[in-house]
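This is coords16.cif (mmCIF, C-alpha atoms, pLDDT in the B column; chains and numbers go by the auth columns).
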```cif
data_coords
loop_
_atom_site.group_PDB
_atom_site.id
_atom_site.type_symbol
_atom_site.label_atom_id
_atom_site.label_comp_id
_atom_site.label_asym_id
_atom_site.label_seq_id
_atom_site.Cartn_x
_atom_site.Cartn_y
_atom_site.Cartn_z
_atom_site.B_iso_or_equiv
_atom_site.auth_seq_id
_atom_site.auth_asym_id
ATOM 1 C CA MET A 1 0.000 0.000 0.000 43.00 1 A
ATOM 2 C CA LYS A 2 1.483 3.348 -0.995 47.00 2 A
ATOM 3 C CA HIS A 3 0.933 6.590 0.833 46.00 3 A
ATOM 4 C CA ASP A 4 2.207 10.016 -0.010 52.00 4 A
ATOM 5 C CA LYS A 5 4.163 11.841 2.683 52.00 5 A
ATOM 6 C CA ASP A 6 1.252 14.066 3.640 58.00 6 A
ATOM 7 C CA SER A 7 -1.282 11.283 4.224 65.00 7 A
ATOM 8 C CA TYR A 8 0.931 8.539 5.709 74.00 8 A
ATOM 9 C CA ARG A 9 0.461 8.449 9.482 87.00 9 A
ATOM 10 C CA GLY A 10 2.410 5.353 10.547 92.00 10 A
ATOM 11 C CA LYS A 11 2.631 1.569 10.619 94.00 11 A
ATOM 12 C CA VAL A 12 0.291 -0.502 12.775 94.00 12 A
ATOM 13 C CA ILE A 13 0.381 -4.200 13.561 93.00 13 A
ATOM 14 C CA ILE A 14 -2.997 -5.747 14.412 93.00 14 A
ATOM 15 C CA ILE A 15 -2.833 -8.932 16.491 90.00 15 A
ATOM 16 C CA ASN A 16 -6.229 -10.586 16.735 89.00 16 A
ATOM 17 C CA ASP A 17 -7.399 -14.172 16.335 87.00 17 A
ATOM 18 C CA ARG A 18 -10.641 -13.109 14.644 88.00 18 A
ATOM 19 C CA PRO A 19 -10.182 -12.078 11.001 90.00 19 A
ATOM 20 C CA SER A 20 -13.505 -10.210 10.960 92.00 20 A
ATOM 21 C CA VAL A 21 -12.251 -7.890 13.704 90.00 21 A
ATOM 22 C CA GLY A 22 -8.943 -7.444 11.895 88.00 22 A
ATOM 23 C CA LYS A 23 -10.734 -6.507 8.667 91.00 23 A
ATOM 24 C CA ARG A 24 -12.840 -3.867 10.412 93.00 24 A
ATOM 25 C CA LEU A 25 -9.798 -2.362 12.108 92.00 25 A
ATOM 26 C CA ALA A 26 -7.790 -2.497 8.884 92.00 26 A
ATOM 27 C CA ARG A 27 -10.508 -0.703 6.940 93.00 27 A
ATOM 28 C CA ARG A 28 -10.685 2.095 9.503 94.00 28 A
ATOM 29 C CA LEU A 29 -6.909 2.407 9.796 94.00 29 A
ATOM 30 C CA THR A 30 -6.604 2.664 6.024 92.00 30 A
ATOM 31 C CA GLU A 31 -9.228 5.418 5.962 93.00 31 A
ATOM 32 C CA MET A 32 -7.178 7.252 8.590 92.00 32 A
ATOM 33 C CA GLY A 33 -3.960 6.993 6.557 92.00 33 A
ATOM 34 C CA TYR A 34 -2.178 4.170 8.408 94.00 34 A
ATOM 35 C CA HIS A 35 -0.379 1.205 6.867 93.00 35 A
ATOM 36 C CA TYR A 36 -1.281 -2.005 8.672 93.00 36 A
ATOM 37 C CA THR A 37 -0.188 -5.615 8.999 95.00 37 A
ATOM 38 C CA PHE A 38 -2.610 -8.190 10.387 94.00 38 A
ATOM 39 C CA VAL A 39 -1.554 -11.369 12.194 93.00 39 A
ATOM 40 C CA GLN A 40 -3.614 -13.879 14.153 91.00 40 A
ATOM 41 C CA THR A 41 -1.149 -15.115 16.769 87.00 41 A
ATOM 42 C CA VAL A 42 1.289 -13.623 19.225 83.00 42 A
ATOM 43 C CA ASP A 43 4.035 -15.836 17.824 85.00 43 A
ATOM 44 C CA GLU A 44 3.444 -14.450 14.312 90.00 44 A
ATOM 45 C CA ALA A 45 3.641 -10.948 15.738 88.00 45 A
ATOM 46 C CA ALA A 46 6.838 -11.677 17.657 87.00 46 A
ATOM 47 C CA ASP A 47 8.491 -13.071 14.518 91.00 47 A
ATOM 48 C CA LEU A 48 7.422 -10.035 12.522 92.00 48 A
ATOM 49 C CA LEU A 49 8.508 -7.577 15.207 90.00 49 A
ATOM 50 C CA GLU A 50 12.005 -9.049 15.113 90.00 50 A
ATOM 51 C CA HIS A 51 12.363 -7.816 11.518 91.00 51 A
ATOM 52 C CA ALA A 52 10.084 -4.809 11.180 91.00 52 A
ATOM 53 C CA ASP A 53 9.289 -1.636 13.064 91.00 53 A
ATOM 54 C CA PHE A 54 5.774 -0.509 13.898 93.00 54 A
ATOM 55 C CA ASP A 55 4.507 2.708 15.403 93.00 55 A
ATOM 56 C CA VAL A 56 1.486 1.110 17.092 89.00 56 A
ATOM 57 C CA VAL A 57 0.565 -2.405 18.249 88.00 57 A
ATOM 58 C CA LEU A 58 -3.151 -3.220 18.518 88.00 58 A
ATOM 59 C CA TYR A 59 -3.867 -6.529 20.226 83.00 59 A
ATOM 60 C CA THR A 60 -6.469 -8.482 22.117 75.00 60 A
ATOM 61 C CA PRO A 61 -5.416 -8.302 25.760 71.00 61 A
ATOM 62 C CA GLU A 62 -6.993 -11.699 26.447 69.00 62 A
ATOM 63 C CA PHE A 63 -4.249 -13.479 24.472 64.00 63 A
ATOM 64 C CA PRO A 64 -2.448 -15.885 26.803 60.00 64 A
ATOM 65 C CA VAL A 65 1.294 -15.433 27.085 56.00 65 A
ATOM 66 C CA VAL A 66 2.398 -19.035 26.666 50.00 66 A
ATOM 67 C CA HIS A 67 5.547 -18.805 24.594 49.00 67 A
ATOM 68 C CA ARG A 68 8.829 -17.004 25.182 45.00 68 A
ATOM 69 C CA LYS A 69 8.284 -15.059 21.956 50.00 69 A
ATOM 70 C CA ALA A 70 4.971 -13.826 23.275 48.00 70 A
ATOM 71 C CA TYR A 71 6.732 -11.392 25.585 50.00 71 A
ATOM 72 C CA ILE A 72 6.948 -8.390 23.295 50.00 72 A
ATOM 73 C CA ALA A 73 9.069 -5.798 25.002 48.00 73 A
ATOM 74 C CA SER A 74 9.525 -2.354 23.606 44.00 74 A
#
```

Let's see the structure in the file written out as structure tokens.
Amino acid sequence: MKHDKDSYRGKVIIINDRPSVGKRLARRLTEMGYHYTFVQTVDEAADLLEHADFDVVLYTPEFPVVHRKAYIAS
């Protein structure tokens, strides 16, 4: 997704196990000028965060922290 400098607001990672919720958030974020990446597990997010920078992390707080990668420190 391309954004010009004036409309690009930042990169957001959405972590949610329900694709329907992710789609709604993604649609709204796009309207607001954000670039987003959607993943369904904390492990996917941890792998991605090792190689990419994001300005905002949106997640479901109910996700259990069961894997060492699940601890996402800033």

Explicit residues for the PyMOL selection byres ((chain A and resi 30) around 12) (as a ChimeraX atom specification): /A:1-3,7-12,22-29,31-37

Expected selection from the PyMOL selection byres ((chain A and resi 14-19) around 7), given as a ChimeraX atom specification: /A:12-13,20-23,37-42,45,57-60

Step by step, gather every atom of region 30-43 of chain A that the file lists, find the box along x, y and z that holds them, add 8 Å on each side, and finally give centre and edge lengths in Å to one decimal, as lines of an AutoDock Vina configuration file.
```
center_x = -2.6
center_y = -4.3
center_z = 12.6
size_x = 29.3
size_y = 39.1
size_z = 29.3
```
